[in-house]
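Trainee: Okay, here's the structure, questions in a sec.
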Amino acid sequence: MQTLKDDIRQRILATAHKEFVTHGVRCTSIRTVACKAGIAVGNVYNYFPSKDKLFCEVLRPLITALDQYIQSHNAEWHLSLDVFSAKRFQDEYILTMKKFVMNFRPELRLLLFNAEGTSLAGYKDRIIEYQTKIGTEYLQLMKERYPHLDIDISPFFLHIACSTWMNIFSELVVHDEYDEQEIERVLEQYAAYSMAGWKELMKV
């Protein structure tokens, strides 16, 4: 019985995903999702009490992946001066960001640009705020390990730096006319550009 229930839930999610991506949140209704999934409207509400809850669940894999990525910034392997020079850190960054853009582009468009009227509206600002918090913690953690580093960074500048990253990420999501090779090139150049700046600011 549980397998059947899981199957119905996944069918609802798959149908809703297609409808949200194709028509947007505003033009998608629970009734339409139910009809196309071959499920009674009332049964959809048994799994998801509102369209907002359904929308959030459709985007949960993306949001979870974004949270994990941002949190990983302060992971043990990043708390090293090697992050400013070792190629493996740059390669890791480029690969991760490229995967986000290539694997989650439709979902990212929904989350970043088409979530008005849902509890996920304004998610770009939430990401910037969260990144700023994580970045502040990172500076403190690095200072504890390497007392010679200068972490007297303006909180406003840190916010602007995170906002800049968000804007670049958003541009990569929007412009699907560029292929994977060009995306990688952009990320390589941005990584080199930003790393040089942080090395100068922190007196690495």
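Ligands are numbered from 1 in the order shown, residues from 1 within each chain, and chains are lettered A, B, ... in the order they appear in the structure tokens.
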Do a neighbour search on Asn43 (chain A) at 12 Å with only C-alpha atoms, toss out local chain neighbours closer than 2 positions, and write the hits as an MDAnalysis selection string.
Mentor: chainID A and resid 5 8:9 12 30:31 33:35 37:41 45:50
Trainee: List as JSON, numbers by chain the protein and nucleic acid residues near region 152-158 of chain A, meaning an atom at most 9 Å away when only C-alpha atoms are counted, but skip any in the same chain fewer than 5 places from it.
Mentor: {"A": [132, 135, 136, 139, 163, 201, 202]}
Trainee: Residues as selected, N, CA, C and O atoms, written as a short mmCIF file (atom, residue, chain, number, x, y, z; two decimals), in the first residue's frame, can you do that?
Mentor:
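As written to disk, result21.cif reads:
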data_model
loop_
_atom_site.label_atom_id
_atom_site.label_comp_id
_atom_site.auth_asym_id
_atom_site.auth_seq_id
_atom_site.Cartn_x
_atom_site.Cartn_y
_atom_site.Cartn_z
N THR A 132 26.24 35.93 2.82
CA THR A 132 26.94 36.96 3.59
C THR A 132 27.23 36.45 4.99
O THR A 132 28.33 36.66 5.54
N GLY A 135 29.91 33.82 4.74
CA GLY A 135 31.18 34.47 4.43
C GLY A 135 31.80 35.13 5.65
O GLY A 135 33.02 35.07 5.85
N THR A 136 30.98 35.75 6.48
CA THR A 136 31.47 36.37 7.71
C THR A 136 32.05 35.31 8.64
O THR A 136 33.13 35.50 9.24
N LEU A 139 35.50 34.11 7.32
CA LEU A 139 36.60 35.02 7.64
C LEU A 139 37.09 34.80 9.07
O LEU A 139 38.30 34.77 9.33
N SER A 163 26.18 39.62 -3.57
CA SER A 163 25.17 40.05 -4.54
C SER A 163 25.73 39.95 -5.96
O SER A 163 25.00 39.55 -6.90
N LEU A 201 42.84 41.78 -0.54
CA LEU A 201 42.14 42.31 0.63
C LEU A 201 42.59 41.64 1.92
O LEU A 201 42.76 42.31 2.95
N MET A 202 42.80 40.33 1.87
CA MET A 202 43.14 39.58 3.08
C MET A 202 44.64 39.48 3.33
O MET A 202 45.07 38.87 4.30
#
Trainee: Go through A:Thr32, A:Arg185, A:Asp6, A:Ala121 and flag the residue nearest Lys18 (chain A), using only C-alpha atoms for the distances.
Mentor: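 Of all the options, A:Thr32 lies closest to Lys18 (chain A).
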Trainee: Just the residues within 8 Å of region 166-183 of chain A, please, counting only C-alpha atoms, with nothing from its chain fewer than 6 positions along; format it as a PyMOL selection string.
Mentor: chain A and resi 98+101-102+105+108-109+112+124+127-128
Trainee: By how many Å are CA of Ile134 (chain A) and CA of Lys203 (chain A) apart?
Mentor: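 If I compute the distance from CA of Ile134 (chain A) to CA of Lys203 (chain A), I get 20.3 Å.
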Trainee: Of the candidates A:Leu59, A:Met195, A:Ile151, A:Cys27, which shows the shortest atom-to-atom distance to Glu107 (chain A), using only C-alpha atoms?
Mentor: A:Leu59
Trainee: Rounded to one decimal place, report the CA of Arg88 (chain A)-CA of Pro106 (chain A) distance in Å.
Mentor: 28.8 Å
Trainee: Hey, what's within 7 Å of Val58 (chain A) if we count only C-alpha atoms and toss same-chain stuff fewer than 2 positions away? As a list in words, please?
Mentor: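 Result of the neighbour search: Leu13, His17, Leu54, Phe55, Cys56 and Arg60 of chain A.
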Trainee: Export, as a compact mmCIF listing (two decimals), in the first residue's frame, the selected residues with N, CA and C atoms.
Mentor:
# COMPACT_ATOMS: atom_id res chain seq x y z
N LEU A 13 4.08 15.08 -8.20
CA LEU A 13 5.25 15.95 -8.26
C LEU A 13 5.78 16.08 -9.70
N HIS A 17 5.79 19.54 -11.64
CA HIS A 17 7.07 20.06 -12.13
C HIS A 17 6.94 20.51 -13.58
N LEU A 54 3.02 22.47 -2.74
CA LEU A 54 3.40 21.64 -3.89
C LEU A 54 4.57 22.27 -4.63
N PHE A 55 4.52 23.58 -4.83
CA PHE A 55 5.61 24.30 -5.49
C PHE A 55 6.91 24.15 -4.72
N CYS A 56 6.84 24.32 -3.41
CA CYS A 56 8.05 24.19 -2.57
C CYS A 56 8.63 22.78 -2.65
N ARG A 60 12.27 21.47 -3.88
CA ARG A 60 13.08 21.05 -2.73
C ARG A 60 14.45 20.49 -3.11
Trainee: Rank A:Gln71, A:Thr118, A:Ser80, A:Gln90 by their smallest atom-to-atom distance to Tyr130 (chain A), using only C-alpha atoms, and report the top residue only.
Mentor: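 Ranking A:Gln71, A:Thr118, A:Ser80, A:Gln90 by distance to Tyr130 (chain A), first place goes to A:Gln71.
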Trainee: Write down as a ChimeraX atom specification the residues of chain A whose backbone DSSP state falls under alpha helix (DSSP H).
Mentor: /A:2-23,30-37,41-47,51-58,60-72,87-113,123-145,155-174,180-202
Trainee: If I take CA of Asp52 (chain A) and CA of Ser119 (chain A), how far is one from the other in Å, to one decimal?
Mentor: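 For CA of Asp52 (chain A) relative to CA of Ser119 (chain A), the distance reads 6.8 Å.
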